[in-house]
Amino acid sequence: MGCVQEGTMAGRSQTLRQLWAYAIFAVDIFLLRRERRYLFILVINDKCNLDCFYCKSKNTGRYDLDYAVVRSTLSKAYDRGHRALVITGGEPMVWRSNAATLDDVVCYARDLGFLDIAVFTNGTFPLNSKEVTFIVTIDGTRVTHNAIRAGTYDMILNHVRGASSKVLASITLSKANEQELEGAVHEIANTRLFKGITFNLLTDSPDIIAKHGFLGEERIQVLDRIWRLKGQGYPIVLSKAAYLHCGQMTGEGQLNRSNYLQDITCSLVAVMLTIPISAVIAAIAVVSRYQRR
Ligand SMILES: C[S@@+](CC[C@H](N)C(=O)[O-])C[C@H]1O[C@@H](n2cnc3c(N)ncnc32)[C@H](O)[C@@H]1O
Ligand code: SF4
C-alpha cells in the first residue's frame with residue numbers, strides 16, 4: 001500500500017516540501033549552527049517472532065503501543081521539530097492495534113509532515129510499503145546470521161529482493177560475529193541488494209556488554225575497522241562525526257539505555273543525513289549552474 005502516489009501532484013509537492021525542509025535544516029545546522037532535533041525513534045512494541053541472544057527488548061508482554069498513543073506521540077514529536085522517523089521494536093512489522101497496521105502509522109506520519117521514515121525490521125515479513133526506507137538486520141555472514149537469527153538469511157534476502165523501496169542492512173556487532181566483520185560486509189555488499197550497510201554496537205545493559213560486547217580499546221578498534229571498510233569503498237553508512245562520537249563513548253559508566261539510543265542515532269543520523277545533504281548539494285549545484293548562464 002502507499003500514502004502518496006509518485007508522479008502525482010501530491011507526490012511532487014511532497015518532494016518539494018522535502019527539499020525545502022532539507023535546505024532549512026542545512027542552513028540551521030551548517031550556517032546558523034543551531035541544534036536541531038531531526039530524528040525521532042518510535043519504539044512501537046516489544047513483540048517479536050525471533051529470539052536473538054543479545055536482545056532484551058523483546059516479548060516482555062508489557063510494551064505494545066495503542067494506535068491513539070502512537071498518533072499523539074508522533075504529533076508531539078512533529079511539533080517539537082522532528083522531521084525524520086525511525087520505527088522500531090520488538091518487531092514493528094508484527095504491530096497491530098485493532099484494525100490499524102504499520103502502514104497506517106507510516107501514512108499518519110507522512111500526513112503529519114515527517115520527511116524521512118524508516119522501519120527497522122528483522123526482515124522476516126514482506127517489505128511492501130513504498131513510503132519508507134527499510135533497515136534490515138543481517139547479523140554477519142549467512143552461517144553466523146542463521147545461527148543468531150533462526151536460519152532466516154535466505155528468507156530475508158528474498159524479502160529484500162521483492163522490496164518496494166530502499167533497503168539498508170544493519171549488522172549488530174558482538175563477540176559472536178566481530179571476527180568476520182570484513183567477510184560479512186563483503187558478502188552483504190556482494191548481494192547488491194542493499195543501498196548501504198550500517199552497524200549497531202551492543203549496548204543496552206552492562207551485563208550484555210560485558211558478556212557479548214566491546215568496551216574501551218576494543219570498541220575503538222571495531223569502529224576503526226568499520227571506518228577502514230568505508231575507506232575501501234564498501235557502502236558503509238557512517239559519518240565521520242558519528243564515527244568519532246561513537247568512539248568516545250567508551251567508559252563503563254556510560255553504558256546505559258540512552259547511549260544505546262545514541263548509538264542507534266549515530267548510525268541513523270548518518271543514514272538520514274546522507275539523503276538530505278546530497279539533496280542540498282544537488283540543489284546548490286543546479287542553482288549555481290543556472291546563475292552562471
Ligand atoms: C531491537 S531491534 C528491532 C528491530 C528488529 N526486530 C530487528 O531485529 O532489526 C533493532 C536493532 O537493535 C539491535 N539490538 C538488539 N539488542 C541490542 C543491544 N543489546 N545492543 C545494541 N543493539 C541491539 C538489533 O540487532 C537490531 O539491529
Ligand atoms: S529480531 Fe529484533 S526485537 Fe526480535 S529478538 Fe532479534 S533484535 Fe530483538
# chains A, B, ... in the order shown; residues from 1 in each chain; ligands from 1
>>> closest_atom_pairs(of="region 9-97 of chain A", to="region 161-181 of chain A", cutoff="12 Å", atoms="only C-alpha atoms", output="tab-separated table")
residue	atom	partner	partner_atom	distance
A:Cys52	CA	A:Thr172	CA	10.6
A:Phe53	CA	A:Ala176	CA	10.1
A:Tyr54	CA	A:Ser174	CA	8.3
A:Cys55	CA	A:Thr172	CA	10.4
>>> closest_atom_pairs(of="chain A", to="ligand 1", cutoff="9 Å", atoms="only C-alpha atoms and all ligand atoms", output="tab-separated table")
residue	atom	partner	partner_atom_place_in_ligand_line	distance
A:Val43	CA	ligand 1	3 (C)	8.3
A:Asp46	CA	ligand 1	3 (C)	8.2
A:Lys47	CA	ligand 1	6 (N)	8.7
A:Cys48	CA	ligand 1	6 (N)	6.6
A:Asn49	CA	ligand 1	6 (N)	8.4
A:Leu50	CA	ligand 1	6 (N)	7.7
A:Cys52	CA	ligand 1	15 (C)	7.5
A:Phe53	CA	ligand 1	16 (N)	8.3
A:Tyr54	CA	ligand 1	19 (N)	5.3
A:Cys55	CA	ligand 1	16 (N)	3.6
A:Lys56	CA	ligand 1	16 (N)	6.2
A:Ser57	CA	ligand 1	1 (C)	6.0
A:Lys58	CA	ligand 1	1 (C)	7.5
A:Ile87	CA	ligand 1	4 (C)	8.3
A:Thr88	CA	ligand 1	3 (C)	5.0
A:Gly89	CA	ligand 1	3 (C)	4.4
A:Gly90	CA	ligand 1	3 (C)	4.8
A:Glu91	CA	ligand 1	6 (N)	3.9
A:Pro92	CA	ligand 1	4 (C)	6.6
A:Met93	CA	ligand 1	6 (N)	8.5
A:Val119	CA	ligand 1	4 (C)	8.0
A:Phe120	CA	ligand 1	4 (C)	4.7
A:Thr121	CA	ligand 1	5 (C)	3.9
A:Asn122	CA	ligand 1	7 (C)	4.0
A:Gly123	CA	ligand 1	9 (O)	7.3
A:Ile135	CA	ligand 1	9 (O)	7.1
A:Val136	CA	ligand 1	9 (O)	5.6
A:Thr137	CA	ligand 1	9 (O)	4.5
A:Ile138	CA	ligand 1	27 (O)	7.6
A:Asp139	CA	ligand 1	25 (O)	7.2
A:Arg149	CA	ligand 1	8 (O)	8.9
A:Ala169	CA	ligand 1	27 (O)	8.8
A:Ser170	CA	ligand 1	27 (O)	5.8
A:Ile171	CA	ligand 1	27 (O)	6.3
A:Thr172	CA	ligand 1	25 (O)	4.8
A:Leu173	CA	ligand 1	21 (C)	8.0
A:Ser174	CA	ligand 1	20 (N)	8.7
A:Phe199	CA	ligand 1	27 (O)	7.6
A:Asn200	CA	ligand 1	22 (N)	5.2
A:Leu201	CA	ligand 1	21 (C)	5.4
A:Leu202	CA	ligand 1	20 (N)	3.5
A:Thr203	CA	ligand 1	20 (N)	3.9
A:Asp204	CA	ligand 1	19 (N)	4.7
A:Ser205	CA	ligand 1	19 (N)	6.8
A:Ile208	CA	ligand 1	19 (N)	6.5
A:Ile209	CA	ligand 1	19 (N)	7.6
A:Gly213	CA	ligand 1	20 (N)	8.3
A:Tyr260	CA	ligand 1	21 (C)	6.3
A:Leu261	CA	ligand 1	21 (C)	8.7
A:Asp263	CA	ligand 1	21 (C)	7.9
A:Ile264	CA	ligand 1	22 (N)	7.6
>>> residues_around(residues="Glu131 (chain A)", least_positions_apart="5", cutoff="12 Å", atoms="only C-alpha atoms", output="VMD selection string")
chain A and resid 1 to 6 11 14 85 102 to 111 114 to 119 163 to 167
>>> write_last_selection(atoms="N, CA and C atoms", output="PDB file, in the first residue's frame")
ATOM      1  N   MET A   1       0.838  -1.204   0.000  1.00  0.00           N
ATOM      2  CA  MET A   1       0.000   0.000   0.000  1.00  0.00           C
ATOM      3  C   MET A   1       0.873   1.254   0.000  1.00  0.00           C
ATOM      4  N   GLY A   2       0.308   2.429  -0.280  1.00  0.00           N
ATOM      5  CA  GLY A   2       1.081   3.662  -0.257  1.00  0.00           C
ATOM      6  C   GLY A   2       0.209   4.827   0.134  1.00  0.00           C
ATOM      7  N   CYS A   3       0.810   5.900   0.679  1.00  0.00           N
ATOM      8  CA  CYS A   3       0.013   7.058   1.091  1.00  0.00           C
ATOM      9  C   CYS A   3      -0.080   8.044  -0.064  1.00  0.00           C
ATOM     10  N   VAL A   4       1.074   8.296  -0.745  1.00  0.00           N
ATOM     11  CA  VAL A   4       1.107   9.298  -1.810  1.00  0.00           C
ATOM     12  C   VAL A   4       1.643   8.633  -3.073  1.00  0.00           C
ATOM     13  N   GLN A   5       0.940   8.778  -4.183  1.00  0.00           N
ATOM     14  CA  GLN A   5       1.390   8.181  -5.444  1.00  0.00           C
ATOM     15  C   GLN A   5       2.524   8.990  -6.059  1.00  0.00           C
ATOM     16  N   GLU A   6       3.628   8.299  -6.435  1.00  0.00           N
ATOM     17  CA  GLU A   6       4.722   9.009  -7.109  1.00  0.00           C
ATOM     18  C   GLU A   6       4.237   9.581  -8.426  1.00  0.00           C
ATOM     19  N   GLY A  11       2.435  13.802  -4.843  1.00  0.00           N
ATOM     20  CA  GLY A  11       3.790  13.248  -4.759  1.00  0.00           C
ATOM     21  C   GLY A  11       4.828  14.325  -5.018  1.00  0.00           C
ATOM     22  N   GLN A  14       5.078  16.787  -2.232  1.00  0.00           N
ATOM     23  CA  GLN A  14       5.806  16.205  -1.096  1.00  0.00           C
ATOM     24  C   GLN A  14       7.312  16.289  -1.325  1.00  0.00           C
ATOM     25  N   LEU A  85      11.867   9.942  11.034  1.00  0.00           N
ATOM     26  CA  LEU A  85      11.286   8.989  11.987  1.00  0.00           C
ATOM     27  C   LEU A  85      11.843   7.598  11.727  1.00  0.00           C
ATOM     28  N   LEU A 102       1.061  -1.196  10.594  1.00  0.00           N
ATOM     29  CA  LEU A 102       2.199  -0.283  10.471  1.00  0.00           C
ATOM     30  C   LEU A 102       2.025   0.686   9.284  1.00  0.00           C
ATOM     31  N   ASP A 103       1.353   0.226   8.220  1.00  0.00           N
ATOM     32  CA  ASP A 103       1.112   1.116   7.077  1.00  0.00           C
ATOM     33  C   ASP A 103       0.305   2.341   7.496  1.00  0.00           C
ATOM     34  N   ASP A 104      -0.645   2.136   8.408  1.00  0.00           N
ATOM     35  CA  ASP A 104      -1.434   3.286   8.879  1.00  0.00           C
ATOM     36  C   ASP A 104      -0.538   4.265   9.632  1.00  0.00           C
ATOM     37  N   VAL A 105       0.401   3.721  10.411  1.00  0.00           N
ATOM     38  CA  VAL A 105       1.312   4.584  11.169  1.00  0.00           C
ATOM     39  C   VAL A 105       2.178   5.395  10.203  1.00  0.00           C
ATOM     40  N   VAL A 106       2.687   4.711   9.167  1.00  0.00           N
ATOM     41  CA  VAL A 106       3.553   5.380   8.195  1.00  0.00           C
ATOM     42  C   VAL A 106       2.774   6.494   7.490  1.00  0.00           C
ATOM     43  N   CYS A 107       1.537   6.199   7.073  1.00  0.00           N
ATOM     44  CA  CYS A 107       0.734   7.220   6.386  1.00  0.00           C
ATOM     45  C   CYS A 107       0.421   8.374   7.323  1.00  0.00           C
ATOM     46  N   TYR A 108       0.126   8.053   8.569  1.00  0.00           N
ATOM     47  CA  TYR A 108      -0.163   9.114   9.536  1.00  0.00           C
ATOM     48  C   TYR A 108       1.058  10.029   9.676  1.00  0.00           C
ATOM     49  N   ALA A 109       2.229   9.414   9.785  1.00  0.00           N
ATOM     50  CA  ALA A 109       3.454  10.203   9.948  1.00  0.00           C
ATOM     51  C   ALA A 109       3.706  11.056   8.704  1.00  0.00           C
ATOM     52  N   ARG A 110       3.493  10.495   7.516  1.00  0.00           N
ATOM     53  CA  ARG A 110       3.659  11.264   6.271  1.00  0.00           C
ATOM     54  C   ARG A 110       2.700  12.451   6.247  1.00  0.00           C
ATOM     55  N   ASP A 111       1.430  12.174   6.611  1.00  0.00           N
ATOM     56  CA  ASP A 111       0.438  13.253   6.581  1.00  0.00           C
ATOM     57  C   ASP A 111       0.793  14.359   7.560  1.00  0.00           C
ATOM     58  N   PHE A 114       6.290  14.250   8.415  1.00  0.00           N
ATOM     59  CA  PHE A 114       7.615  13.611   8.537  1.00  0.00           C
ATOM     60  C   PHE A 114       8.154  13.355   7.130  1.00  0.00           C
ATOM     61  N   LEU A 115       9.445  13.630   6.946  1.00  0.00           N
ATOM     62  CA  LEU A 115      10.006  13.608   5.593  1.00  0.00           C
ATOM     63  C   LEU A 115      10.738  12.318   5.273  1.00  0.00           C
ATOM     64  N   ASP A 116      11.522  11.817   6.226  1.00  0.00           N
ATOM     65  CA  ASP A 116      12.227  10.550   6.028  1.00  0.00           C
ATOM     66  C   ASP A 116      11.692   9.577   7.065  1.00  0.00           C
ATOM     67  N   ILE A 117      11.187   8.454   6.601  1.00  0.00           N
ATOM     68  CA  ILE A 117      10.639   7.471   7.543  1.00  0.00           C
ATOM     69  C   ILE A 117      11.324   6.133   7.282  1.00  0.00           C
ATOM     70  N   ALA A 118      11.834   5.527   8.352  1.00  0.00           N
ATOM     71  CA  ALA A 118      12.482   4.219   8.214  1.00  0.00           C
ATOM     72  C   ALA A 118      11.836   3.228   9.166  1.00  0.00           C
ATOM     73  N   VAL A 119      11.775   1.983   8.734  1.00  0.00           N
ATOM     74  CA  VAL A 119      11.289   0.902   9.609  1.00  0.00           C
ATOM     75  C   VAL A 119      12.460  -0.044   9.840  1.00  0.00           C
ATOM     76  N   ALA A 163      11.461  -6.125  -2.244  1.00  0.00           N
ATOM     77  CA  ALA A 163      11.077  -4.902  -1.511  1.00  0.00           C
ATOM     78  C   ALA A 163      10.627  -3.808  -2.471  1.00  0.00           C
ATOM     79  N   SER A 164       9.624  -3.053  -2.029  1.00  0.00           N
ATOM     80  CA  SER A 164       9.131  -1.993  -2.916  1.00  0.00           C
ATOM     81  C   SER A 164       9.802  -0.661  -2.634  1.00  0.00           C
ATOM     82  N   SER A 165      10.740  -0.610  -1.711  1.00  0.00           N
ATOM     83  CA  SER A 165      11.512   0.628  -1.561  1.00  0.00           C
ATOM     84  C   SER A 165      12.914   0.302  -1.068  1.00  0.00           C
ATOM     85  N   LYS A 166      13.658   1.375  -0.797  1.00  0.00           N
ATOM     86  CA  LYS A 166      15.085   1.226  -0.484  1.00  0.00           C
ATOM     87  C   LYS A 166      15.324   0.395   0.785  1.00  0.00           C
ATOM     88  N   VAL A 167      16.366  -0.452   0.771  1.00  0.00           N
ATOM     89  CA  VAL A 167      16.675  -1.264   1.947  1.00  0.00           C
ATOM     90  C   VAL A 167      18.150  -1.101   2.332  1.00  0.00           C
TER      91      VAL A 167
END
>>> closest_residue(among="A:Ser72, A:Pro126, A:Ala150, A:Asp28", to="ligand 2", atoms="only C-alpha atoms and all ligand atoms")
A:Ala150
>>> closest_residue(among="A:Ile236, A:Met155, A:Val222, A:Ala242", to="Phe194 (chain A)", atoms="only C-alpha atoms")
A:Ile236
>>> select_by_dssp(residues="region 95-263 of chain A", states="helix (DSSP H, G or I)", output="ChimeraX atom specification")
/A:102-112,142-148,153-161,178-190,206-212,216-231,240-248,252-254,257-263
>>> residues_around(residues="Glu35 (chain A)", least_positions_apart="3", cutoff="12 Å", atoms="only C-alpha atoms", output="ChimeraX atom specification")
/A:25-32,38-39,81-82
>>> closest_residue(among="A:Thr101, A:Asn128, A:Gln221, A:Asn146", to="ligand 2", atoms="only C-alpha atoms and all ligand atoms")
A:Asn146
>>> residues_around(residues="Tyr67 (chain A)", least_positions_apart="2", cutoff="9 Å", atoms="only C-alpha atoms", output="ChimeraX atom specification")
/A:65,69-72,96-98,100-101,105
>>> residues_around(residues="Leu229 (chain A)", least_positions_apart="4", cutoff="10 Å", atoms="only C-alpha atoms", output="JSON list (two decimals) with C-alpha atoms, in the first residue's frame")
[["chain", "number", "residue", "atom", "x", "y", "z"],
["A", 181, "LEU", "CA", 33.25, -8.25, 10.20],
["A", 182, "GLU", "CA", 35.17, -7.78, 6.94],
["A", 185, "VAL", "CA", 30.48, -6.76, 4.85],
["A", 186, "HIS", "CA", 31.97, -8.27, 1.69],
["A", 223, "LEU", "CA", 34.97, 1.23, 14.90],
["A", 224, "ASP", "CA", 38.34, 1.70, 13.21],
["A", 225, "ARG", "CA", 37.79, -1.50, 11.23],
["A", 233, "GLY", "CA", 34.74, 1.69, -0.91],
["A", 234, "TYR", "CA", 32.15, -0.53, 0.77],
["A", 235, "PRO", "CA", 28.78, 1.22, 1.11],
["A", 236, "ILE", "CA", 29.15, 1.82, 4.86]]
>>> closest_residue(among="A:Ala210, A:Val237, A:Ile148, A:Leu244", to="ligand 2", atoms="only C-alpha atoms and all ligand atoms")
A:Ile148
>>> select_by_dssp(residues="region 126-241 of chain A", states="strand (DSSP E)", output="list in words")
Thr133, Phe134, Ile135, Val136, Thr137, Val167, Leu168, Ala169, Ser170, Ile171, Thr172, Leu173, Gly196, Ile197, Thr198, Phe199, Asn200 and Leu201 of chain A
>>> write_last_selection(atoms="N, CA and C atoms", output="mmCIF file, in the first residue's frame")
data_model
loop_
_atom_site.group_PDB
_atom_site.id
_atom_site.type_symbol
_atom_site.label_atom_id
_atom_site.label_comp_id
_atom_site.auth_asym_id
_atom_site.auth_seq_id
_atom_site.Cartn_x
_atom_site.Cartn_y
_atom_site.Cartn_z
ATOM 1 N N THR A 133 12.102 3.778 4.154
ATOM 2 C CA THR A 133 13.356 3.057 3.979
ATOM 3 C C THR A 133 13.312 1.904 4.973
ATOM 4 N N PHE A 134 13.630 0.700 4.508
ATOM 5 C CA PHE A 134 13.707 -0.418 5.446
ATOM 6 C C PHE A 134 15.149 -0.583 5.907
ATOM 7 N N ILE A 135 15.327 -0.766 7.205
ATOM 8 C CA ILE A 135 16.648 -1.106 7.734
ATOM 9 C C ILE A 135 16.519 -2.529 8.263
ATOM 10 N N VAL A 136 17.194 -3.459 7.583
ATOM 11 C CA VAL A 136 17.017 -4.883 7.882
ATOM 12 C C VAL A 136 18.279 -5.412 8.568
ATOM 13 N N THR A 137 18.109 -6.037 9.712
ATOM 14 C CA THR A 137 19.279 -6.557 10.413
ATOM 15 C C THR A 137 19.768 -7.850 9.767
ATOM 16 N N VAL A 167 16.366 -0.452 0.771
ATOM 17 C CA VAL A 167 16.675 -1.264 1.947
ATOM 18 C C VAL A 167 18.150 -1.101 2.332
ATOM 19 N N LEU A 168 18.385 -0.859 3.607
ATOM 20 C CA LEU A 168 19.746 -0.839 4.146
ATOM 21 C C LEU A 168 19.923 -2.074 5.016
ATOM 22 N N ALA A 169 21.150 -2.583 5.096
ATOM 23 C CA ALA A 169 21.429 -3.687 6.021
ATOM 24 C C ALA A 169 22.027 -3.105 7.299
ATOM 25 N N SER A 170 21.698 -3.705 8.427
ATOM 26 C CA SER A 170 22.312 -3.274 9.681
ATOM 27 C C SER A 170 22.912 -4.498 10.374
ATOM 28 N N ILE A 171 24.198 -4.400 10.702
ATOM 29 C CA ILE A 171 24.861 -5.513 11.385
ATOM 30 C C ILE A 171 25.009 -5.152 12.856
ATOM 31 N N THR A 172 24.548 -6.002 13.739
ATOM 32 C CA THR A 172 24.748 -5.785 15.169
ATOM 33 C C THR A 172 26.003 -6.558 15.565
ATOM 34 N N LEU A 173 27.024 -5.800 15.964
ATOM 35 C CA LEU A 173 28.312 -6.457 16.225
ATOM 36 C C LEU A 173 28.412 -6.924 17.673
ATOM 37 N N GLY A 196 23.034 0.361 1.446
ATOM 38 C CA GLY A 196 24.108 0.709 2.363
ATOM 39 C C GLY A 196 24.135 -0.269 3.525
ATOM 40 N N ILE A 197 25.221 -0.209 4.293
ATOM 41 C CA ILE A 197 25.356 -1.095 5.457
ATOM 42 C C ILE A 197 25.643 -0.222 6.674
ATOM 43 N N THR A 198 24.839 -0.409 7.698
ATOM 44 C CA THR A 198 25.043 0.345 8.919
ATOM 45 C C THR A 198 25.275 -0.637 10.081
ATOM 46 N N PHE A 199 25.630 -0.124 11.254
ATOM 47 C CA PHE A 199 26.026 -1.015 12.355
ATOM 48 C C PHE A 199 25.404 -0.607 13.674
ATOM 49 N N ASN A 200 25.230 -1.585 14.547
ATOM 50 C CA ASN A 200 24.945 -1.339 15.955
ATOM 51 C C ASN A 200 26.041 -2.009 16.759
ATOM 52 N N LEU A 201 26.603 -1.277 17.729
ATOM 53 C CA LEU A 201 27.493 -1.942 18.688
ATOM 54 C C LEU A 201 26.639 -2.288 19.897
#
>>> atom_distance(atom1="CA of Phe125 (chain A)", atom2="CA of Asn158 (chain A)")
10.0 Å
>>> closest_residue(among="A:His245, A:Lys76, A:His145, A:Arg192", to="ligand 2", atoms="only C-alpha atoms and all ligand atoms")
A:His145
>>> closest_residue(among="A:Asp79, A:Ser129, A:Trp227, A:Val143", to="Glu187 (chain A)", atoms="only C-alpha atoms")
A:Val143
>>> atom_distance(atom1="atom 8 (Fe, counted along the ligand's line) of ligand 2", atom2="CA of Asp66 (chain A)")
20.1 Å
